[in-house]
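J.: Structure supplied as model.txt; contents: compact mmCIF, C-alpha atoms.
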```txt
# COMPACT_ATOMS: atom_id res chain seq x y z
CA MET A 1 -26.87 -44.51 21.21
CA ASN A 2 -26.40 -43.99 17.47
CA GLY A 3 -26.09 -40.21 17.39
CA ALA A 4 -29.47 -39.78 15.68
CA ALA A 5 -30.73 -37.38 18.34
CA LEU A 6 -27.57 -35.29 18.27
CA HIS A 7 -27.64 -35.24 14.47
CA THR A 8 -31.25 -34.05 14.38
CA VAL A 9 -30.69 -31.25 16.88
CA LEU A 10 -27.47 -29.98 15.29
CA VAL A 11 -28.97 -29.99 11.81
CA ASP A 12 -31.85 -27.88 13.13
CA ILE A 13 -29.49 -25.52 14.98
CA LEU A 14 -27.38 -24.86 11.91
CA ALA A 15 -30.35 -24.62 9.56
CA ASN A 16 -31.69 -21.80 11.76
CA TYR A 17 -28.35 -20.11 12.29
CA ASP A 18 -28.87 -16.35 12.25
CA GLN A 19 -25.87 -14.45 13.57
CA LYS A 20 -25.73 -10.88 12.26
CA HIS A 21 -22.11 -10.36 13.29
CA PRO A 22 -20.23 -13.66 13.11
CA TYR A 23 -16.65 -14.06 14.27
CA ASN A 24 -16.66 -10.94 16.41
CA GLN A 25 -14.94 -12.62 19.38
CA MET A 26 -11.35 -13.62 20.22
CA ILE A 27 -9.93 -11.13 17.71
CA PRO A 28 -6.30 -10.06 18.31
CA SER A 29 -6.29 -6.26 18.46
CA PRO A 30 -3.27 -4.06 17.61
CA ILE A 31 -2.26 -1.70 20.40
CA GLU A 32 -0.85 1.22 18.42
CA SER A 33 -2.83 1.24 15.16
CA ALA A 34 -6.31 0.88 13.75
CA ALA A 35 -7.91 -2.50 14.14
CA PRO A 36 -7.75 -4.85 11.12
CA PRO A 37 -10.88 -5.45 9.02
CA PRO A 38 -13.31 -7.86 10.68
CA ALA A 39 -13.34 -11.48 9.48
CA PHE A 40 -16.60 -11.48 7.59
CA ILE A 41 -17.59 -13.18 4.35
CA ALA A 42 -15.28 -12.27 1.47
CA GLN A 43 -16.60 -10.45 -1.56
CA GLU A 44 -17.53 -12.77 -4.40
CA ASN A 45 -14.99 -11.25 -6.78
CA ARG A 46 -12.11 -11.55 -4.33
CA ASN A 47 -9.30 -13.87 -5.41
CA TYR A 48 -9.04 -15.71 -2.10
CA THR A 49 -7.64 -19.17 -1.30
CA PRO A 50 -10.49 -21.53 -0.31
CA SER A 51 -9.90 -23.72 2.76
CA VAL A 52 -11.94 -25.94 5.06
CA VAL A 53 -11.83 -26.94 8.72
CA GLY A 54 -13.81 -29.51 10.69
CA ILE A 55 -15.50 -28.71 14.00
CA ILE A 56 -15.62 -32.35 15.05
CA ILE A 57 -17.78 -33.38 18.01
CA ARG A 58 -17.24 -36.73 19.72
CA TYR A 59 -20.31 -38.01 21.57
CA LEU A 60 -20.80 -40.62 24.27
CA HIS A 61 -24.14 -41.38 25.86
CA VAL A 62 -24.57 -43.56 28.94
CA ILE A 63 -28.11 -44.24 30.17
CA ASP A 64 -29.07 -42.08 33.18
CA GLN A 65 -25.95 -39.94 32.82
CA ALA A 66 -25.37 -36.61 31.14
CA PRO A 67 -23.97 -37.12 27.64
CA SER A 68 -20.33 -36.36 27.02
CA LEU A 69 -19.58 -34.07 24.08
CA GLU A 70 -15.99 -33.26 23.19
CA LEU A 71 -14.37 -31.11 20.52
CA VAL A 72 -11.47 -32.56 18.53
CA LEU A 73 -8.52 -30.28 17.78
CA THR A 74 -4.96 -30.89 16.68
CA LEU A 75 -1.53 -29.54 17.56
CA ARG A 76 0.21 -29.01 14.23
CA LYS A 77 3.75 -30.18 13.50
CA GLU A 78 6.31 -27.40 13.68
CA HIS A 79 7.36 -27.59 10.00
CA LEU A 80 3.85 -26.85 8.67
CA SER A 81 2.27 -23.50 7.95
CA HIS A 82 1.06 -22.22 11.35
CA GLY A 83 3.20 -24.99 12.83
CA GLY A 84 3.14 -25.55 16.56
CA GLN A 85 -0.36 -24.10 16.87
CA ILE A 86 -3.65 -25.66 17.92
CA SER A 87 -6.13 -25.87 15.08
CA PHE A 88 -9.12 -27.70 13.72
CA ALA A 89 -8.26 -30.43 11.24
CA GLY A 90 -8.48 -29.10 7.70
CA GLY A 91 -6.58 -27.46 4.88
CA ARG A 92 -6.77 -25.99 1.40
CA VAL A 93 -9.39 -26.99 -1.15
CA ASP A 94 -7.72 -28.45 -4.22
CA PRO A 95 -8.47 -26.83 -7.63
CA GLY A 96 -11.81 -28.08 -8.90
CA GLU A 97 -12.60 -29.81 -5.59
CA GLU A 98 -15.88 -29.29 -3.72
CA SER A 99 -15.44 -28.05 -0.17
CA LYS A 100 -17.39 -30.99 1.29
CA LYS A 101 -15.09 -33.46 -0.43
CA ALA A 102 -12.11 -31.43 0.74
CA ILE A 103 -13.04 -31.64 4.42
CA LEU A 104 -13.66 -35.39 4.19
CA ARG A 105 -10.27 -35.81 2.50
CA GLU A 106 -8.50 -33.67 5.12
CA LEU A 107 -10.11 -35.49 8.05
CA HIS A 108 -9.01 -38.81 6.61
CA GLU A 109 -5.49 -37.56 5.93
CA GLU A 110 -4.98 -35.95 9.35
CA LEU A 111 -7.01 -38.10 11.74
CA GLY A 112 -7.84 -41.32 9.88
CA ILE A 113 -11.57 -40.48 9.91
CA THR A 114 -13.30 -42.03 6.89
CA SER A 115 -16.46 -40.70 5.28
CA GLY A 116 -18.35 -43.59 6.90
CA ASP A 117 -17.11 -42.63 10.36
CA ILE A 118 -18.48 -39.09 10.39
CA THR A 119 -21.80 -37.37 9.84
CA LEU A 120 -21.53 -33.80 8.58
CA VAL A 121 -24.49 -31.86 9.97
CA GLY A 122 -23.90 -28.42 8.45
CA GLN A 123 -21.53 -25.50 8.43
CA LEU A 124 -20.91 -22.05 9.84
CA PRO A 125 -20.60 -18.95 7.62
CA ASN A 126 -17.40 -18.63 5.64
CA PHE A 127 -14.60 -17.04 7.63
CA TYR A 128 -12.29 -14.66 5.81
CA LEU A 129 -8.70 -13.98 6.94
CA HIS A 130 -7.53 -10.70 5.44
CA HIS A 131 -3.82 -10.97 6.19
CA SER A 132 -3.47 -14.37 4.47
CA ASN A 133 -6.32 -13.98 1.95
CA HIS A 134 -7.90 -17.30 2.94
CA GLN A 135 -11.61 -17.99 3.07
CA ILE A 136 -12.35 -20.87 5.42
CA THR A 137 -15.53 -22.96 5.39
CA PRO A 138 -16.07 -24.49 8.87
CA TYR A 139 -17.97 -27.79 8.70
CA VAL A 140 -19.59 -29.31 11.79
CA GLY A 141 -19.51 -33.09 12.09
CA ILE A 142 -20.14 -35.79 14.69
CA VAL A 143 -18.26 -39.02 15.41
CA ASP A 144 -18.81 -41.77 17.95
CA TYR A 145 -16.65 -41.53 21.07
CA GLY A 146 -15.40 -45.06 20.48
CA LEU A 147 -13.89 -44.18 17.12
CA SER A 148 -10.11 -44.48 17.21
CA LEU A 149 -8.40 -41.34 15.88
CA THR A 150 -5.06 -41.86 14.12
CA PRO A 151 -2.82 -38.78 13.84
CA ASN A 152 -0.89 -38.32 10.61
CA PRO A 153 2.76 -38.36 11.81
CA GLU A 154 3.73 -35.80 9.16
CA GLU A 155 1.09 -33.25 10.17
CA VAL A 156 -0.28 -33.85 13.67
CA GLN A 157 1.85 -33.58 16.80
CA GLU A 158 -1.03 -34.27 19.17
CA ILE A 159 -4.78 -34.84 19.11
CA LEU A 160 -6.79 -32.90 21.68
CA SER A 161 -10.27 -34.04 22.70
CA ILE A 162 -11.71 -31.43 25.05
CA PRO A 163 -15.19 -31.43 26.66
CA ILE A 164 -17.29 -28.64 25.17
CA GLN A 165 -18.36 -27.52 28.62
CA ASP A 166 -14.74 -26.80 29.57
CA PHE A 167 -14.74 -23.86 27.16
CA PHE A 168 -17.45 -22.14 29.19
CA ASN A 169 -15.17 -21.92 32.22
CA PRO A 170 -14.24 -18.21 32.39
CA SER A 171 -10.89 -19.03 33.98
CA LEU A 172 -9.76 -20.56 30.67
CA TYR A 173 -10.19 -17.27 28.82
CA LYS A 174 -6.99 -15.25 29.01
CA GLU A 175 -5.25 -12.41 27.22
CA SER A 176 -1.61 -11.56 26.59
CA LEU A 177 0.56 -9.03 24.75
CA TRP A 178 2.30 -10.54 21.72
CA THR A 179 4.31 -9.26 18.78
CA LEU A 180 2.69 -10.35 15.50
CA ARG A 181 3.92 -9.20 12.09
CA ASN A 182 6.15 -6.62 13.79
CA GLN A 183 3.23 -5.10 15.69
CA SER A 184 2.16 -5.33 19.31
CA TYR A 185 -1.18 -7.05 19.75
CA ARG A 186 -3.49 -7.80 22.64
CA VAL A 187 -4.26 -11.47 22.00
CA PRO A 188 -7.15 -13.35 23.65
CA TYR A 189 -6.80 -17.12 23.88
CA PHE A 190 -8.23 -20.27 25.48
CA ASP A 191 -5.85 -21.70 28.09
CA VAL A 192 -6.67 -25.39 27.53
CA HIS A 193 -3.17 -26.64 26.75
CA LYS A 194 0.44 -25.60 27.29
CA THR A 195 0.10 -24.17 23.76
CA PRO A 196 -2.40 -21.26 23.67
CA LEU A 197 -5.49 -21.75 21.51
CA TRP A 198 -5.75 -18.43 19.67
CA GLY A 199 -6.20 -16.70 16.31
CA ALA A 200 -8.51 -17.98 13.58
CA THR A 201 -9.13 -21.25 15.42
CA ALA A 202 -10.20 -19.42 18.58
CA MET A 203 -12.48 -17.11 16.59
CA ILE A 204 -14.18 -20.00 14.80
CA LEU A 205 -14.44 -21.94 18.05
CA ALA A 206 -15.96 -18.94 19.84
CA GLU A 207 -18.56 -18.66 17.09
CA TRP A 208 -19.48 -22.31 17.45
CA LEU A 209 -19.70 -21.97 21.24
CA LYS A 210 -22.01 -18.98 20.80
CA VAL A 211 -24.31 -21.06 18.61
CA TYR A 212 -24.10 -24.15 20.80
CA SER A 213 -24.67 -22.34 24.11
CA SER A 214 -27.98 -20.91 22.96
CA HIS A 215 -29.22 -24.45 22.17
CA HIS A 216 -27.54 -26.48 24.90
CA ASN A 217 -30.85 -27.50 26.46
CA ASP A 218 -32.10 -28.71 23.07
CA VAL A 219 -29.04 -30.94 22.72
CA MET A 220 -29.49 -32.43 26.19
CA SER A 221 -33.22 -32.97 25.62
CA GLY A 222 -32.46 -34.80 22.41
CA PHE A 223 -30.27 -37.27 24.26
CA LYS A 224 -32.89 -37.79 26.99
CA ALA A 225 -35.45 -38.62 24.33
CA GLN A 226 -33.30 -41.59 23.30
CA LYS A 227 -33.38 -43.31 26.69
```
Represent the structure from my file as structure tokens, please.

T.:
Amino acid sequence: MNGAALHTVLVDILANYDQKHPYNQMIPSPIESAAPPPAFIAQENRNYTPSVVGIIIRYLHVIDQAPSLELVLTLRKEHLSHGGQISFAGGRVDPGEESKKAILRELHEELGITSGDITLVGQLPNFYLHHSNHQITPYVGIVDYGLSLTPNPEEVQEILSIPIQDFFNPSLYKESLWTLRNQSYRVPYFDVHKTPLWGATAMILAEWLKVYSSHHNDVMSGFKAQK
């Protein structure tokens, strides 16, 4: 299995992406004040900080068995910005750098994934974080299950590789009351690790799951066609 079927299906899914209200799930909501602005695409004249993240899918196909698809996430080192949180690999785009080159650089720096190891199949709409003034471009890429991932000891505390289907288990969706920026918030999160998966990462992940779930049968059919 060389990933050709998965590549073809995902390219088609993302090329036909048509979500009118992206990133409208897993949003922390303040209890005692008006909700923050939704995380939509930033205005073109906004002086935001460009960033990238990688929604990395590991695939394994065994003849006569359902394919295994897992999402790769990282637990960030405590000393980093957003330290101690679960996130997609990624970071800021350097001045003058193209976002595609930035995500390939970040994946190599954080996980040891080279440009020859991964196939980028497309991206989700830009995600804008108002409180930090970051605009994030989420890239979707695929890697072979057998690829060894090497965490950067300065940035990555732990690599998580979680089956996509696990995220559709309703028991993993939870909510808690937290204090964020001196305000009380009702925070939804995915309970997939002792560290809650929440915030921007959860919102981007939820968007990807929304896209993927509507085409799950297409993905499975693509693998069957390669028998």

J.: Determine the nearest neighbour of His193 (chain A) from the options A:Pro153, A:Asp117, A:Leu73, A:His130, counting all atoms listed in the file.

T.: A:Leu73

J.: Counting only C-alpha atoms, which residues in region 129-204 of chain A sit no more than 9 Å from region 12-25 of chain A? For each one, give the nearest pair of atoms and the distance in Å, sorted by chain then residue number, as CSV.

T.:
```
residue,atom,partner,partner_atom,distance
A:Val140,CA,A:Leu14,CA,9.0
A:Pro188,CA,A:Gln25,CA,8.9
A:Ala202,CA,A:Gln25,CA,8.3
A:Met203,CA,A:Tyr23,CA,5.7
A:Ile204,CA,A:Tyr23,CA,6.5
```

J.: Mind giving me the straight-line distance from CA of Leu197 (chain A) to CA of Val72 (chain A) in Å, one decimal?

T.: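 Computing the Euclidean distance for CA of Leu197 (chain A) and CA of Val72 (chain A) yields 12.7 Å.
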
J.: Which residue out of A:Met26, A:Trp208, A:Pro50, A:Ser68 has the minimum interatomic distance to Tyr145 (chain A) when only C-alpha atoms are used?

T.: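 Under the stated criterion, the closest residue is A:Ser68.
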
J.: Give me the residues within 12 Å of Asn169 (chain A) as a list in words, counting all atoms listed in the file and dropping any in the same chain fewer than 3 places off.

T.: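 Everything that qualifies: Pro163, Ile164, Gln165, Asp166, Leu172, Tyr173, Lys174, Phe190, Asp191, Val192 and Leu209 of chain A.
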
J.: Could you save the residues just selected, with C-alpha atoms, as a CSV table (one decimal), in the coordinates of the input?

T.:
```csv
chain,number,residue,atom,x,y,z
A,163,PRO,CA,-15.2,-31.4,26.7
A,164,ILE,CA,-17.3,-28.6,25.2
A,165,GLN,CA,-18.4,-27.5,28.6
A,166,ASP,CA,-14.7,-26.8,29.6
A,172,LEU,CA,-9.8,-20.6,30.7
A,173,TYR,CA,-10.2,-17.3,28.8
A,174,LYS,CA,-7.0,-15.2,29.0
A,190,PHE,CA,-8.2,-20.3,25.5
A,191,ASP,CA,-5.8,-21.7,28.1
A,192,VAL,CA,-6.7,-25.4,27.5
A,209,LEU,CA,-19.7,-22.0,21.2
```

J.: Tell me, in Å to one decimal, how far CA of His7 (chain A) is from CA of Pro151 (chain A).

T.: 25.1 Å

J.: From the list A:Gly141, A:Ala206, A:Arg105, A:Lys77, which residue is nearest Ile118 (chain A) when using only C-alpha atoms?

T.: A:Gly141

J.: Please identify all polymer residues within 7 Å of Ile142 (chain A), counting only C-alpha atoms, omitting same-chain residues fewer than 3 positions from it, and present them as a compact mmCIF listing (two decimals) with C-alpha atoms, in the frame of the given file.

T.:
```
# COMPACT_ATOMS: atom_id res chain seq x y z
CA ILE A 56 -15.62 -32.35 15.05
CA ILE A 57 -17.78 -33.38 18.01
CA ARG A 58 -17.24 -36.73 19.72
CA ILE A 118 -18.48 -39.09 10.39
CA THR A 119 -21.80 -37.37 9.84
CA LEU A 120 -21.53 -33.80 8.58
```

J.: Would you mind telling me which residue in A:Ser161, A:Gln135, A:Asn152, A:Ser87 lies nearest to Trp198 (chain A) when using all atoms listed in the file?

T.: A:Ser87

J.: So, counting all atoms listed in the file, which residue among A:Val52, A:Leu147, A:Ile136, A:Ile31 is closest to Lys100 (chain A)?

T.: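 Distance minimum relative to Lys100 (chain A) lands on A:Val52.
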
J.: Give the padded box for region 49-53 of chain A as AutoDock Vina command-line options: axis-aligned, covering all atoms listed in the file, 8 Å on each side, centre and edge lengths in Å to one decimal.

T.:
```
--center_x -9.8 --center_y -23.1 --center_z 3.7 --size_x 20.3 --size_y 23.8 --size_z 26.0
```

J.: If I take CA of Ser148 (chain A) and CA of Leu124 (chain A), how far is one from the other in Å, to one decimal?

T.: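 Between CA of Ser148 (chain A) and CA of Leu124 (chain A) the gap works out to 26.0 Å.
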
J.: Please determine, counting all atoms listed in the file, which residue among A:Gly199, A:Ser171, A:Ser99, A:Ala89 has the shortest atom-to-atom distance to Ser51 (chain A).

T.: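 For Ser51 (chain A), the nearest of the candidates is A:Ser99.
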
J.: Near Leu107 (chain A), within 8 Å and counting only C-alpha atoms, which residues show up once chain neighbours fewer than 4 positions away are dropped, as an MDAnalysis selection string?

T.: chainID A and resid 54 89:90 103 111:114

J.: Kindly complete region 102-121 of chain A to N, CA, C and O atoms; the output should be written as a short mmCIF file (atom, residue, chain, number, x, y, z; two decimals), in the coordinates of the input.

T.:
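Once written, rebuild_15.cif looks like this:
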```cif
data_model
loop_
_atom_site.label_atom_id
_atom_site.label_comp_id
_atom_site.auth_asym_id
_atom_site.auth_seq_id
_atom_site.Cartn_x
_atom_site.Cartn_y
_atom_site.Cartn_z
N ALA A 102 -13.40 -31.85 0.19
CA ALA A 102 -12.11 -31.43 0.74
C ALA A 102 -12.04 -31.71 2.24
O ALA A 102 -11.01 -32.21 2.73
N ILE A 103 -13.10 -31.42 2.98
CA ILE A 103 -13.04 -31.64 4.42
C ILE A 103 -13.00 -33.13 4.74
O ILE A 103 -12.27 -33.57 5.65
N LEU A 104 -13.72 -33.94 3.97
CA LEU A 104 -13.66 -35.39 4.19
C LEU A 104 -12.26 -35.92 3.88
O LEU A 104 -11.74 -36.79 4.59
N ARG A 105 -11.64 -35.39 2.85
CA ARG A 105 -10.27 -35.81 2.50
C ARG A 105 -9.30 -35.41 3.62
O ARG A 105 -8.45 -36.21 4.03
N GLU A 106 -9.41 -34.16 4.09
CA GLU A 106 -8.50 -33.67 5.12
C GLU A 106 -8.66 -34.44 6.43
O GLU A 106 -7.68 -34.74 7.11
N LEU A 107 -9.88 -34.75 6.81
CA LEU A 107 -10.11 -35.49 8.05
C LEU A 107 -9.52 -36.90 7.97
O LEU A 107 -8.98 -37.42 8.95
N HIS A 108 -9.61 -37.48 6.79
CA HIS A 108 -9.01 -38.81 6.61
C HIS A 108 -7.49 -38.73 6.64
O HIS A 108 -6.81 -39.55 7.28
N GLU A 109 -6.94 -37.72 5.97
CA GLU A 109 -5.49 -37.56 5.93
C GLU A 109 -4.90 -37.26 7.30
O GLU A 109 -3.83 -37.78 7.66
N GLU A 110 -5.55 -36.40 8.08
CA GLU A 110 -4.98 -35.95 9.35
C GLU A 110 -5.31 -36.84 10.53
O GLU A 110 -4.47 -37.04 11.42
N LEU A 111 -6.54 -37.39 10.55
CA LEU A 111 -7.01 -38.10 11.74
C LEU A 111 -7.46 -39.54 11.47
O LEU A 111 -7.85 -40.23 12.40
N GLY A 112 -7.41 -39.97 10.21
CA GLY A 112 -7.84 -41.32 9.88
C GLY A 112 -9.34 -41.51 9.90
O GLY A 112 -9.84 -42.64 9.90
N ILE A 113 -10.10 -40.41 9.91
CA ILE A 113 -11.57 -40.48 9.91
C ILE A 113 -12.05 -40.69 8.47
O ILE A 113 -11.78 -39.87 7.59
N THR A 114 -12.76 -41.77 8.22
CA THR A 114 -13.30 -42.03 6.89
C THR A 114 -14.67 -41.38 6.75
O THR A 114 -15.30 -40.98 7.74
N SER A 115 -15.15 -41.31 5.52
CA SER A 115 -16.46 -40.70 5.28
C SER A 115 -17.57 -41.48 5.97
O SER A 115 -18.63 -40.93 6.29
N GLY A 116 -17.35 -42.79 6.21
CA GLY A 116 -18.35 -43.59 6.90
C GLY A 116 -18.32 -43.43 8.40
O GLY A 116 -19.24 -43.85 9.10
N ASP A 117 -17.25 -42.82 8.92
CA ASP A 117 -17.11 -42.63 10.36
C ASP A 117 -17.80 -41.37 10.86
O ASP A 117 -18.05 -41.24 12.06
N ILE A 118 -18.03 -40.42 9.98
CA ILE A 118 -18.48 -39.09 10.39
C ILE A 118 -19.77 -38.71 9.71
O ILE A 118 -20.03 -39.09 8.56
N THR A 119 -20.60 -37.96 10.43
CA THR A 119 -21.80 -37.37 9.84
C THR A 119 -21.64 -35.85 9.86
O THR A 119 -21.50 -35.25 10.93
N LEU A 120 -21.59 -35.25 8.67
CA LEU A 120 -21.53 -33.80 8.58
C LEU A 120 -22.95 -33.26 8.73
O LEU A 120 -23.86 -33.67 8.01
N VAL A 121 -23.14 -32.34 9.67
CA VAL A 121 -24.49 -31.86 9.97
C VAL A 121 -24.75 -30.45 9.45
O VAL A 121 -25.88 -29.97 9.48
#
```
